[in-house]
Amino acid sequence: MLLCLPFSNAVAQKQTETAKMNAFISGLMKKMTVDEKIGQLNLVTGGMAITGSVTNNGISDGVKKGAIGGIFGLYGTDNVRKMQEAAVKGTRLHIPLIFGLDVIHGHRTIFPIPLGMSTTWDLALIEQAAHIAAKEATAEGLNWVFSPMVDIARDARWGRISEGSGEDPWYGGKVAAAMVKGYQGTSMKNADAVMACVKHFALYGGAEAGREYNTVDMSRLSMYNYYLPPYKAALEAGAGSFMSSFNVVDGVPATANKWLLTDLLRKQWGFKGFVVSDYTSLNEVSNHGLGDLQTVSALALKAGLDMDMVGEGFLTTLKKSLQQGKVTQAEIDMACRRVLEAKYKLGLFDNPYKSIDPQREKTEIMTEANRKAARITAEHSFVLLKNANQILPLKKSGGSIALVGPLADNKRDMLGTWVIGGEWEKSVSVIEGIKHIVGDNVKINYARGSNITDDATFMKRLNFGPGMVWLDKQSPEDMIEDAVKAAKKSDIIVAVVGESQSMSGESSSRSDISIPESQQLMLKALAKLGKPIVIVLFNGRPLTLTWENDNAAAILNVWAPGTEAGNAIAEVLFGNYNPSGKLTTTFPRSVGQIPLYYNHLNTGRPYSTGPTKFKSNYLDISNDPLYPFGYGLSYTSFGYSNITLNKTKLKGNETLTATVTVTNKGPYAGEEVVQLYISDPAASISRPVKELKDFQKINLQAGEQKQVTFKITPQQLKFYNSQLKYDWEAGEFIVQIGTSSADTKNAKVQWAK
Ligand code: BGC
């Protein structure tokens with residue numbers, strides 16, 4: 001009884017707070033006109049970040065008229081204060097605005113792209129990154145971020161795979177929750193907390209053919225078991241808002257989908273916050289074929305959409321729809337209430353200027369501590385894909401290195417996609433990072449070696465912003481010749497190659513996911529010299545790397561590491577940090593294998609090894625990925641004992657413990673991500689060949705051993721069955737523990753109900 005008291009106190013306190021909020025908002029809404037209520041549903045862009053063709057003009061006037069509820073893409077305390085004053089002092093009811101921005105992997109101090117953050121497998125680092133982003137964003141007057149992006153993606157052609165946490169629903173949920181906690185802190189009322197916005201609801205990552213904004217068509221089983229869990233996890237972590245996605249869900253655009261926004265999100269999952277559309281996604285419902293702007297705006301409101309981003313569909317049509325009986329006053333009120341509640345939860349009615357503090361703006365942005373956190377996160381995000389003959393780490397003194405490639409002396413591309421507040425001039429290039437570590441102790445022979453791409457059409461598409469990708473004055477042949485000359489003078493070649501900033505992210509689908517040809521030609525010319533090549537690979541997605549895997553001595557996958565890129569890369573290349581990142585997406589051998597993911601179902605004719613007639617495989621390629629989910633090497637090596645179980649026959653709610661001993665068998669201290677997978681070989685529906693259920697990241701000195709124990713309960717065996725009931729089924733389970741999804745020790749148990 002005593003134990004229950006604090007809990008019931010907390011519940012009672014929450015109820016009182018909710019009652020207070022409800023009374024305040026009801027009082028306010030009584031005074032509001034229909035126009036003022038509709039104004040709250042209108043989100044406009046301040047123009048500092050635009051991803052569509054429509055923008056908003058005359059924002060100040062709109063604010064003063066009460067026709068705007070929030071602004072995004074506007075930051076800096078001066079800018080924000082002006083608008084907030086216009087709303088608070090210049091309107092009849094003094095309702096504050098909410099200020100949002102795409103703060104995706106840091107605001108000013110840029111952390112690794114989200115896909116890179118996920119490969120750290122370090123939830124504390126991820127939460128810290130989100131918290132630092134929130135601190136910097138609030139220091140510039142913001143109080144709402146359009147993150148986390150939790151869309152599961154199994155298709156590396158899709159450019160936005162870079163913005164999420166990969167292909168695993170359980171791990172995706174863990175990362176989503178860590179980010180929400182980092183952004184929102186202990187209370188959204190805190191001056192350094194922002195409201196999270198979970199996007200893109202829902203299933204956006206399932207776009208057919210990996211083509212941006214394309215149709216999504218999937219079974220309810222796939223939705224519930226594989227695509228929806230991270231959104232739900234973010235909600236359970238307390239996320240204050242959701243963003244609807246561009247795609248259709250079961251044929252109905254998400255933005256106007258009642259099943260999605262009301263039946264699932266609010267009724268089944270109990271979401272209490274507000275839903276904003278994506279950028280003009282409300283207007284785009286017309287292109288999906290559901291009617292004109294008035295019709296689709298009414299549909300979306302009725303479906304559960306509360307705020308309209310940029311397109312002004314709500315602003316320009318809802319009043320007319322109300323007069324014509326196409327929407328009700330109660331429906332408008334409900335949306336308005338949810339937007340006002342968000343402002344209340346952020347503490348904006350108490351103090352609309354709570355995070356408009358020029359002092360914080362001066363002292364809390366891009367601090368040494370923030371940059372250090374970004375560097376450490378980046379180091380943890382790198383995935384060592386190959387390291388033949390222990391070529392890495394490199395020696396810090398003696399010898400010479402040919403440093404080549406279009407990303408070696410480059411600041412712009414260090415940051416990756418979605419860096420609206422990021423200043424690329426302040427990022428550390430790879431050559432700078434290397435010089436910080438080795439000074440003059442190692443001779444560095446630099447040559448650019450190739451352009452990012454020589455393809456003019458491709459370049460034009462990449463250059464949606466000024467000067468993003470450029471052609472060298474030298475011809476491609478001369479550039480390669482320079483790289484070869486630098487390599488001839490050197491003991492080892494470090495080639496910094498891959499994707500530039502604008503090659504992944506929104507509207508950056510690719511049908512060929514290899515390193516661009518210009519860079520491959522350089523690598524092939526260098527390979528002829530027979531000297532060891534270390535590839536430092538920049539990428540916003542899994543790339544096809546079969547040639548590189550066959551010909552390079554080492555490949556260090558660094559994604560886009562952010563502001564501290566060069567320093568982080570140098571720390572790892574020279575062994576100050578031993579890489580520990582593990583993939584959260586499968587790397588295919590060929591684009592023809594896509595979608596390729598580890599938690600696939602078995603077929604009736606499973607593949608074993610090599611193409612065999614009348615099996616589920618290809619004539620021309622194996623089914624296996626080049627690098628599987630969970631894979632990543634270290635400068636040391638780890639040995640796994642067999643699994644010890646506390647029992648092999650269990651019943652009901654018993655707990656299974658599975659233990660392995662992990663040994664650091666190499667010469668360096670290192671971290672290892674010990675992964676637990678379970679498979680359920682006989683069930684009422686076909687189940688994935690294995691599913692990630694838990695992991696532990698451990699640190700081992702050279703020669704050290706540690707026991708790692710996982711506790712497993714029936715909760716982890718649950719799945720949605722064909723009646724969409726979430727439950728577990730008795731039978732045999734195979735517990736698998738190991739270093740990647742493709743390399744585990746296995747043990748069987750029987751679990752009865
Ligand atoms: C993107 C969203 C983003 C929004 C606002 C859209 O194009 O899909 O992820 O939050 O723009 O910038």
# chains A, B, ... in the order shown; residues from 1 in each chain; ligands from 1
call {"tool": "closest_atom_pairs", "arguments": {"of": "chain A", "to": "ligand 1", "cutoff": "8 Å", "atoms": "only C-alpha atoms and all ligand atoms", "output": "Markdown table"}}
result
| residue | atom | partner | partner_atom_place_in_ligand_line | distance |
| --- | --- | --- | --- | --- |
| A:Ala49 | CA | ligand 1 | 12 (O) | 6.3 |
| A:Ile50 | CA | ligand 1 | 12 (O) | 6.0 |
| A:Thr51 | CA | ligand 1 | 7 (O) | 4.6 |
| A:Gly52 | CA | ligand 1 | 7 (O) | 6.4 |
| A:Phe72 | CA | ligand 1 | 5 (C) | 7.7 |
| A:Gly73 | CA | ligand 1 | 12 (O) | 7.4 |
| A:Leu101 | CA | ligand 1 | 12 (O) | 7.0 |
| A:Asp102 | CA | ligand 1 | 10 (O) | 5.5 |
| A:Phe146 | CA | ligand 1 | 10 (O) | 5.1 |
| A:Ser147 | CA | ligand 1 | 10 (O) | 7.5 |
| A:Met149 | CA | ligand 1 | 9 (O) | 7.5 |
| A:Lys199 | CA | ligand 1 | 9 (O) | 6.9 |
| A:His200 | CA | ligand 1 | 9 (O) | 6.9 |
| A:Met243 | CA | ligand 1 | 10 (O) | 7.8 |
| A:Ser245 | CA | ligand 1 | 8 (O) | 7.3 |
| A:Phe246 | CA | ligand 1 | 8 (O) | 7.4 |
| A:Asp278 | CA | ligand 1 | 6 (C) | 5.5 |
| A:Tyr279 | CA | ligand 1 | 6 (C) | 4.7 |
| A:Met309 | CA | ligand 1 | 5 (C) | 7.9 |
| A:Glu506 | CA | ligand 1 | 8 (O) | 6.8 |
call {"tool": "write_last_selection", "arguments": {"atoms": "all heavy atoms", "output": "compact mmCIF listing (two decimals), in the first residue's frame"}}
result
# COMPACT_ATOMS: atom_id res chain seq x y z
N ALA A 49 13.65 27.88 -44.28
CA ALA A 49 13.77 26.47 -44.69
C ALA A 49 12.53 26.08 -45.45
O ALA A 49 11.44 26.13 -44.93
CB ALA A 49 13.88 25.60 -43.45
N ILE A 50 12.70 25.72 -46.71
CA ILE A 50 11.55 25.48 -47.56
C ILE A 50 11.76 24.19 -48.34
O ILE A 50 12.81 23.98 -48.93
CB ILE A 50 11.37 26.65 -48.54
CG1 ILE A 50 10.92 27.89 -47.77
CG2 ILE A 50 10.38 26.34 -49.64
CD1 ILE A 50 11.09 29.15 -48.53
N THR A 51 10.78 23.29 -48.33
CA THR A 51 10.94 22.05 -49.09
C THR A 51 9.85 21.87 -50.15
O THR A 51 9.71 20.81 -50.71
CB THR A 51 10.92 20.82 -48.16
OG1 THR A 51 9.70 20.85 -47.43
CG2 THR A 51 12.08 20.80 -47.21
N GLY A 52 9.06 22.91 -50.40
CA GLY A 52 8.03 22.79 -51.42
C GLY A 52 7.97 24.05 -52.24
O GLY A 52 8.77 24.97 -52.06
N PHE A 72 7.17 28.14 -38.60
CA PHE A 72 8.39 27.33 -38.58
C PHE A 72 9.36 27.90 -39.60
O PHE A 72 8.98 28.68 -40.48
CB PHE A 72 8.07 25.86 -38.85
CG PHE A 72 7.83 25.52 -40.28
CD1 PHE A 72 8.83 24.89 -41.04
CD2 PHE A 72 6.63 25.81 -40.88
CE1 PHE A 72 8.60 24.58 -42.36
CE2 PHE A 72 6.40 25.51 -42.21
CZ PHE A 72 7.39 24.89 -42.96
N GLY A 73 10.63 27.52 -39.44
CA GLY A 73 11.63 28.04 -40.37
C GLY A 73 11.98 29.48 -40.06
O GLY A 73 12.31 30.25 -40.96
N LEU A 101 10.98 24.10 -36.07
CA LEU A 101 12.06 24.01 -37.07
C LEU A 101 12.45 22.55 -37.26
O LEU A 101 12.28 21.74 -36.36
CB LEU A 101 13.29 24.81 -36.61
CG LEU A 101 14.39 24.98 -37.68
CD1 LEU A 101 13.97 25.97 -38.76
CD2 LEU A 101 15.72 25.45 -37.07
N ASP A 102 13.01 22.28 -38.43
CA ASP A 102 13.58 20.95 -38.67
C ASP A 102 14.95 20.86 -38.01
O ASP A 102 15.98 21.04 -38.65
CB ASP A 102 13.69 20.68 -40.16
CG ASP A 102 12.33 20.43 -40.78
OD1 ASP A 102 11.81 19.34 -40.59
OD2 ASP A 102 11.78 21.36 -41.41
N PHE A 146 10.81 19.27 -35.53
CA PHE A 146 10.17 18.26 -36.38
C PHE A 146 11.04 16.99 -36.38
O PHE A 146 11.62 16.60 -37.39
CB PHE A 146 9.98 18.79 -37.79
CG PHE A 146 9.09 20.00 -37.87
CD1 PHE A 146 9.22 20.92 -38.91
CD2 PHE A 146 8.11 20.23 -36.92
CE1 PHE A 146 8.39 22.03 -38.99
CE2 PHE A 146 7.27 21.34 -36.99
CZ PHE A 146 7.42 22.24 -38.02
N SER A 147 11.09 16.35 -35.26
CA SER A 147 11.94 15.18 -35.05
C SER A 147 11.42 14.50 -33.79
O SER A 147 10.86 15.19 -32.93
CB SER A 147 13.38 15.66 -34.89
OG SER A 147 14.24 14.62 -34.50
N MET A 149 12.35 11.42 -36.62
CA MET A 149 11.83 10.76 -37.82
C MET A 149 12.00 9.28 -37.57
O MET A 149 13.13 8.82 -37.37
CB MET A 149 12.65 11.24 -39.02
CG MET A 149 12.11 10.83 -40.36
SD MET A 149 12.42 9.12 -40.74
CE MET A 149 12.72 9.22 -42.48
N LYS A 199 7.53 11.92 -36.80
CA LYS A 199 7.15 11.90 -38.21
C LYS A 199 7.73 10.68 -38.89
O LYS A 199 8.64 10.05 -38.36
CB LYS A 199 7.60 13.20 -38.88
CG LYS A 199 9.10 13.36 -39.02
CD LYS A 199 9.44 14.77 -39.47
CE LYS A 199 10.88 14.86 -39.89
NZ LYS A 199 11.28 16.23 -40.24
N HIS A 200 7.23 10.31 -40.04
CA HIS A 200 6.08 10.89 -40.73
C HIS A 200 4.99 9.84 -40.63
O HIS A 200 5.20 8.72 -41.12
CB HIS A 200 6.39 11.17 -42.20
CG HIS A 200 7.61 12.05 -42.36
ND1 HIS A 200 8.89 11.57 -42.34
CD2 HIS A 200 7.73 13.39 -42.55
CE1 HIS A 200 9.76 12.57 -42.53
NE2 HIS A 200 9.08 13.68 -42.66
N MET A 243 3.43 14.34 -36.98
CA MET A 243 3.27 14.92 -38.32
C MET A 243 2.75 13.83 -39.26
O MET A 243 3.29 12.71 -39.28
CB MET A 243 4.62 15.43 -38.85
CG MET A 243 4.54 16.14 -40.19
SD MET A 243 6.20 16.59 -40.83
CE MET A 243 6.73 17.81 -39.64
N SER A 245 2.09 11.94 -42.85
CA SER A 245 3.03 11.72 -43.96
C SER A 245 2.40 12.05 -45.31
O SER A 245 1.20 12.24 -45.42
CB SER A 245 3.53 10.28 -43.92
OG SER A 245 2.45 9.38 -43.97
N PHE A 246 3.24 12.06 -46.33
CA PHE A 246 2.79 12.40 -47.69
C PHE A 246 2.03 11.26 -48.39
O PHE A 246 1.31 11.50 -49.35
CB PHE A 246 4.01 12.74 -48.56
CG PHE A 246 4.67 14.06 -48.27
CD1 PHE A 246 5.99 14.12 -47.87
CD2 PHE A 246 3.98 15.26 -48.43
CE1 PHE A 246 6.63 15.34 -47.63
CE2 PHE A 246 4.60 16.49 -48.19
CZ PHE A 246 5.92 16.52 -47.79
N ASP A 278 2.25 17.42 -43.11
CA ASP A 278 3.57 17.72 -43.65
C ASP A 278 3.41 18.93 -44.59
O ASP A 278 2.31 19.43 -44.82
CB ASP A 278 4.17 16.50 -44.36
CG ASP A 278 5.70 16.62 -44.45
OD1 ASP A 278 6.23 17.72 -44.22
OD2 ASP A 278 6.36 15.61 -44.75
N TYR A 279 4.51 19.37 -45.13
CA TYR A 279 4.57 20.59 -45.96
C TYR A 279 3.62 20.47 -47.16
O TYR A 279 3.89 19.68 -48.06
CB TYR A 279 6.01 20.74 -46.44
CG TYR A 279 6.41 22.12 -46.90
CD1 TYR A 279 7.30 22.88 -46.16
CD2 TYR A 279 5.92 22.65 -48.09
CE1 TYR A 279 7.70 24.13 -46.59
CE2 TYR A 279 6.31 23.91 -48.52
CZ TYR A 279 7.20 24.64 -47.77
OH TYR A 279 7.60 25.88 -48.20
N MET A 309 0.23 22.68 -42.41
CA MET A 309 1.54 23.29 -42.66
C MET A 309 1.58 23.93 -44.04
O MET A 309 1.49 23.24 -45.05
CB MET A 309 2.65 22.24 -42.53
CG MET A 309 4.06 22.83 -42.59
SD MET A 309 5.37 21.61 -42.79
CE MET A 309 5.36 20.71 -41.28
N GLU A 506 15.65 14.21 -48.16
CA GLU A 506 14.36 14.30 -48.85
C GLU A 506 14.55 14.50 -50.35
O GLU A 506 15.43 15.24 -50.79
CB GLU A 506 13.53 15.47 -48.29
CG GLU A 506 12.14 15.52 -48.91
CD GLU A 506 11.20 16.48 -48.21
OE1 GLU A 506 11.55 17.02 -47.16
OE2 GLU A 506 10.08 16.66 -48.74
call {"tool": "closest_atom_pairs", "arguments": {"of": "segment 475-579 of chain A", "to": "segment 404-422 of chain A", "cutoff": "12 Å", "atoms": "only C-alpha atoms", "output": "tab-separated table"}}
result
residue	atom	partner	partner_atom	distance
A:Pro476	CA	A:Pro406	CA	11.6
A:Met479	CA	A:Gly405	CA	9.6
A:Ile480	CA	A:Gly405	CA	9.5
A:Glu481	CA	A:Val404	CA	11.4
A:Asp482	CA	A:Val404	CA	9.2
A:Ala483	CA	A:Val404	CA	6.2
A:Val484	CA	A:Val404	CA	9.2
A:Lys485	CA	A:Val404	CA	10.7
A:Ala486	CA	A:Val404	CA	8.1
A:Ala487	CA	A:Val404	CA	8.5
A:Ser490	CA	A:Val404	CA	11.4
A:Ile492	CA	A:Val404	CA	10.9
A:Ile493	CA	A:Val404	CA	7.4
A:Val494	CA	A:Val404	CA	6.3
A:Ala495	CA	A:Val404	CA	4.9
A:Val496	CA	A:Gly405	CA	4.9
A:Val497	CA	A:Gly405	CA	5.4
A:Gly498	CA	A:Leu407	CA	7.7
A:Glu499	CA	A:Asp413	CA	8.4
A:Ser500	CA	A:Asp413	CA	5.4
A:Gln501	CA	A:Gly416	CA	4.5
A:Ser502	CA	A:Thr417	CA	6.4
A:Met503	CA	A:Thr417	CA	8.4
A:Ser504	CA	A:Thr417	CA	6.6
A:Gly505	CA	A:Thr417	CA	5.4
A:Glu506	CA	A:Thr417	CA	8.1
A:Ser507	CA	A:Thr417	CA	10.9
A:Ser508	CA	A:Thr417	CA	10.0
A:Ile515	CA	A:Gly405	CA	11.7
A:Pro516	CA	A:Pro406	CA	11.1
A:Ser518	CA	A:Pro406	CA	9.9
A:Gln519	CA	A:Gly405	CA	7.3
A:Gln520	CA	A:Gly405	CA	10.1
A:Leu521	CA	A:Gly405	CA	11.1
A:Met522	CA	A:Gly405	CA	8.1
A:Leu523	CA	A:Gly405	CA	8.8
A:Leu526	CA	A:Val404	CA	9.9
A:Ile533	CA	A:Val404	CA	10.3
A:Val534	CA	A:Val404	CA	10.4
A:Ile535	CA	A:Gly405	CA	9.5
A:Val536	CA	A:Ala408	CA	8.9
A:Leu537	CA	A:Leu407	CA	9.1
A:Phe538	CA	A:Leu407	CA	7.9
A:Asn539	CA	A:Gly416	CA	8.6
A:Gly540	CA	A:Gly416	CA	7.3
A:Arg541	CA	A:Gly416	CA	11.1
A:Val558	CA	A:Met414	CA	9.8
A:Trp559	CA	A:Gly416	CA	8.0
A:Ala560	CA	A:Gly416	CA	4.9
A:Pro561	CA	A:Met414	CA	6.1
A:Gly562	CA	A:Leu415	CA	4.1
A:Thr563	CA	A:Leu415	CA	6.1
A:Glu564	CA	A:Met414	CA	8.2
A:Ala565	CA	A:Met414	CA	5.9
A:Gly566	CA	A:Met414	CA	8.0
A:Asn567	CA	A:Met414	CA	11.1
A:Ala568	CA	A:Met414	CA	11.1
A:Ile569	CA	A:Ala408	CA	10.8
A:Ala570	CA	A:Ala408	CA	11.4
call {"tool": "residues_around", "arguments": {"residues": "segment 721-729 of chain A", "least_positions_apart": "6", "cutoff": "10 Å", "atoms": "only C-alpha atoms", "output": "PyMOL selection string"}}
result
chain A and resi 220-221+224-225+680+682-687+714-715+751-753
call {"tool": "write_last_selection", "arguments": {"atoms": "C-alpha atoms", "output": "CSV table (one decimal), in the first residue's frame"}}
result
chain,number,residue,atom,x,y,z
A,220,ARG,CA,-2.1,-4.6,-41.6
A,221,LEU,CA,0.2,-7.4,-40.3
A,224,TYR,CA,1.5,-3.6,-36.9
A,225,ASN,CA,4.5,-5.9,-36.6
A,680,ASP,CA,9.7,-18.4,-33.4
A,682,ALA,CA,6.2,-22.6,-35.5
A,683,ALA,CA,3.4,-20.1,-35.0
A,684,SER,CA,-0.1,-19.3,-36.3
A,685,ILE,CA,1.3,-17.0,-38.9
A,686,SER,CA,4.7,-17.0,-40.7
A,687,ARG,CA,7.2,-15.2,-38.5
A,714,PRO,CA,6.9,-13.8,-22.8
A,715,GLN,CA,6.4,-10.0,-23.4
A,751,TRP,CA,7.8,-22.3,-23.7
A,752,ALA,CA,4.3,-23.5,-22.6
A,753,LYS,CA,1.4,-21.3,-21.8
call {"tool": "residues_around", "arguments": {"residues": "Asp122 of chain A", "least_positions_apart": "2", "cutoff": "12 Å", "atoms": "only C-alpha atoms", "output": "CSV table (one decimal) with N, CA, C and O atoms, in the first residue's frame"}}
result
chain,number,residue,atom,x,y,z
A,116,GLY,N,23.3,7.5,-38.8
A,116,GLY,CA,24.6,7.4,-38.1
A,116,GLY,C,24.5,7.3,-36.6
A,116,GLY,O,25.1,6.5,-35.9
A,117,MET,N,23.6,8.2,-36.1
A,117,MET,CA,23.4,8.1,-34.6
A,117,MET,C,22.9,6.7,-34.2
A,117,MET,O,23.3,6.2,-33.1
A,118,SER,N,22.0,6.1,-35.1
A,118,SER,CA,21.5,4.8,-34.7
A,118,SER,C,22.6,3.8,-34.6
A,118,SER,O,22.5,2.8,-33.9
A,119,THR,N,23.6,3.9,-35.5
A,119,THR,CA,24.7,2.9,-35.5
A,119,THR,C,25.6,3.0,-34.3
A,119,THR,O,26.5,2.2,-34.1
A,120,THR,N,25.4,4.0,-33.4
A,120,THR,CA,26.2,4.0,-32.1
A,120,THR,C,25.7,2.9,-31.2
A,120,THR,O,26.4,2.5,-30.3
A,124,ALA,N,22.1,6.5,-24.6
A,124,ALA,CA,22.4,7.7,-23.7
A,124,ALA,C,23.1,8.8,-24.6
A,124,ALA,O,22.7,9.9,-24.5
A,125,LEU,N,23.9,8.4,-25.5
A,125,LEU,CA,24.5,9.4,-26.4
A,125,LEU,C,23.5,10.0,-27.3
A,125,LEU,O,23.5,11.2,-27.6
A,126,ILE,N,22.5,9.2,-27.8
A,126,ILE,CA,21.5,9.7,-28.6
A,126,ILE,C,20.6,10.7,-27.9
A,126,ILE,O,20.2,11.8,-28.4
A,127,GLU,N,20.2,10.3,-26.7
A,127,GLU,CA,19.4,11.2,-25.9
A,127,GLU,C,20.1,12.5,-25.6
A,127,GLU,O,19.6,13.6,-25.7
A,128,GLN,N,21.4,12.4,-25.3
A,128,GLN,CA,22.2,13.6,-25.1
A,128,GLN,C,22.3,14.5,-26.3
A,128,GLN,O,22.2,15.7,-26.2
A,129,ALA,N,22.4,13.9,-27.5
A,129,ALA,CA,22.4,14.7,-28.7
A,129,ALA,C,21.1,15.4,-28.9
A,129,ALA,O,21.1,16.6,-29.2
A,171,TYR,N,14.4,-1.7,-32.2
A,171,TYR,CA,15.5,-0.8,-32.0
A,171,TYR,C,15.0,0.6,-32.4
A,171,TYR,O,15.3,1.6,-31.7
A,174,LYS,N,13.3,2.2,-29.6
A,174,LYS,CA,14.2,2.6,-28.5
A,174,LYS,C,14.9,4.0,-28.8
A,174,LYS,O,15.0,4.8,-28.0
A,175,VAL,N,15.3,4.1,-30.1
A,175,VAL,CA,16.0,5.4,-30.5
A,175,VAL,C,14.9,6.5,-30.4
A,175,VAL,O,15.2,7.6,-29.9
A,178,ALA,N,14.4,7.6,-26.9
A,178,ALA,CA,15.6,8.3,-26.4
A,178,ALA,C,15.5,9.8,-26.9
A,178,ALA,O,15.8,10.7,-26.2
A,179,MET,N,15.2,9.9,-28.1
A,179,MET,CA,15.2,11.3,-28.7
A,179,MET,C,14.1,12.1,-28.1
A,179,MET,O,14.3,13.3,-27.8
A,376,ILE,N,32.3,12.9,-30.0
A,376,ILE,CA,32.3,11.6,-29.4
A,376,ILE,C,31.1,10.7,-30.0
A,376,ILE,O,31.3,9.5,-30.3
A,377,THR,N,30.0,11.4,-30.3
A,377,THR,CA,28.9,10.6,-30.9
A,377,THR,C,29.3,10.2,-32.3
A,377,THR,O,29.0,9.0,-32.7
A,378,ALA,N,30.0,11.0,-33.0
A,378,ALA,CA,30.4,10.7,-34.4
A,378,ALA,C,31.4,9.5,-34.3
A,378,ALA,O,31.2,8.5,-35.0
A,379,GLU,N,32.3,9.5,-33.4
A,379,GLU,CA,33.3,8.4,-33.3
A,379,GLU,C,32.5,7.1,-33.1
A,379,GLU,O,32.9,6.0,-33.6
A,380,HIS,N,31.5,7.1,-32.2
A,380,HIS,CA,30.8,5.9,-31.9
A,380,HIS,C,29.9,5.5,-33.0
A,380,HIS,O,29.4,4.3,-33.1
A,381,SER,N,29.6,6.4,-34.0
A,381,SER,CA,28.7,6.0,-35.1
A,381,SER,C,29.4,5.3,-36.2
A,381,SER,O,28.7,4.7,-37.1
A,580,SER,N,33.2,1.1,-32.9
A,580,SER,CA,32.2,0.1,-32.2
A,580,SER,C,30.8,0.2,-32.8
A,580,SER,O,29.9,-0.4,-32.3
A,581,GLY,N,30.7,0.9,-33.9
A,581,GLY,CA,29.3,1.1,-34.5
A,581,GLY,C,28.9,-0.2,-35.2
A,581,GLY,O,29.8,-1.0,-35.7
A,582,LYS,N,27.6,-0.5,-35.2
A,582,LYS,CA,27.1,-1.7,-35.9
A,582,LYS,C,25.9,-1.2,-36.8
A,582,LYS,O,25.1,-0.4,-36.4
A,671,GLU,N,34.7,-1.7,-27.5
A,671,GLU,CA,33.3,-1.9,-27.1
A,671,GLU,C,32.7,-2.8,-28.1
A,671,GLU,O,33.0,-2.8,-29.3
A,672,GLU,N,31.8,-3.6,-27.6
A,672,GLU,CA,31.1,-4.6,-28.4
A,672,GLU,C,29.6,-4.5,-28.2
A,672,GLU,O,29.2,-4.4,-27.0
A,673,VAL,N,28.8,-4.5,-29.2
A,673,VAL,CA,27.3,-4.5,-29.1
A,673,VAL,C,26.9,-6.0,-29.1
A,673,VAL,O,26.9,-6.6,-30.2
A,695,PHE,N,19.9,-5.8,-26.6
A,695,PHE,CA,21.3,-5.7,-26.8
A,695,PHE,C,22.0,-5.1,-25.6
A,695,PHE,O,21.3,-4.4,-24.8
A,696,GLN,N,23.2,-5.3,-25.5
A,696,GLN,CA,24.0,-4.6,-24.5
A,696,GLN,C,25.3,-4.1,-25.1
A,696,GLN,O,26.0,-4.9,-25.8
A,697,LYS,N,25.7,-2.9,-24.9
A,697,LYS,CA,27.0,-2.4,-25.4
A,697,LYS,C,28.0,-2.5,-24.2
A,697,LYS,O,27.8,-1.8,-23.2
A,698,ILE,N,29.0,-3.3,-24.4
A,698,ILE,CA,30.0,-3.5,-23.3
A,698,ILE,C,31.4,-3.0,-23.7
A,698,ILE,O,31.7,-3.0,-24.9
call {"tool": "atom_distance", "arguments": {"atom1": "atom CA of Gly731 of chain A", "atom2": "atom CA of Lys748 of chain A"}}
result
10.4 Å
call {"tool": "select_by_dssp", "arguments": {"residues": "segment 424-667 of chain A", "states": "strand (DSSP E)", "output": "PyMOL selection string"}}
result
chain A and resi 443-447+492-498+533-538+554-557+638-640+644-645+649-651+656-664
call {"tool": "residues_around", "arguments": {"residues": "segment 313-325 of chain A", "least_positions_apart": "3", "cutoff": "6 Å", "atoms": "only C-alpha atoms", "output": "list in words"}}
result
Gln294, Ser297 and Thr328 of chain A
call {"tool": "closest_residue", "arguments": {"among": "A:Leu626, A:Ala12, A:Ala23, A:Ala191", "to": "Leu596 of chain A", "atoms": "only C-alpha atoms"}}
result
A:Leu626
call {"tool": "closest_residue", "arguments": {"among": "A:Leu717, A:Gly639, A:Leu282, A:Thr739", "to": "Gln675 of chain A", "atoms": "only C-alpha atoms"}}
result
A:Thr739
call {"tool": "select_by_dssp", "arguments": {"residues": "segment 153-242 of chain A", "states": "alpha helix (DSSP H)", "output": "ChimeraX atom specification"}}
result
/A:169-184,220-222,229-236
call {"tool": "closest_residue", "arguments": {"among": "A:Val708, A:Tyr640, A:His436, A:Arg154", "to": "Ile594 of chain A", "atoms": "only C-alpha atoms"}}
result
A:Arg154
call {"tool": "decode", "arguments": {"residues": "segment 727-740 of chain A", "atoms": "C-alpha atoms", "output": "short mmCIF file (atom, residue, chain, number, x, y, z; two decimals), in the first residue's frame"}}
result
data_model
loop_
_atom_site.label_atom_id
_atom_site.label_comp_id
_atom_site.auth_asym_id
_atom_site.auth_seq_id
_atom_site.Cartn_x
_atom_site.Cartn_y
_atom_site.Cartn_z
CA ASP A 727 0.03 -12.08 -27.92
CA TRP A 728 2.59 -14.86 -27.77
CA GLU A 729 2.10 -18.47 -28.73
CA ALA A 730 3.50 -21.47 -26.91
CA GLY A 731 6.12 -23.64 -28.58
CA GLU A 732 9.77 -23.71 -29.45
CA PHE A 733 11.94 -20.59 -29.58
CA ILE A 734 15.53 -20.24 -30.70
CA VAL A 735 17.55 -17.80 -28.63
CA GLN A 736 20.46 -16.31 -30.56
CA ILE A 737 23.22 -14.13 -29.14
CA GLY A 738 26.08 -12.75 -31.15
CA THR A 739 28.05 -10.03 -32.82
CA SER A 740 25.68 -9.47 -35.77
#
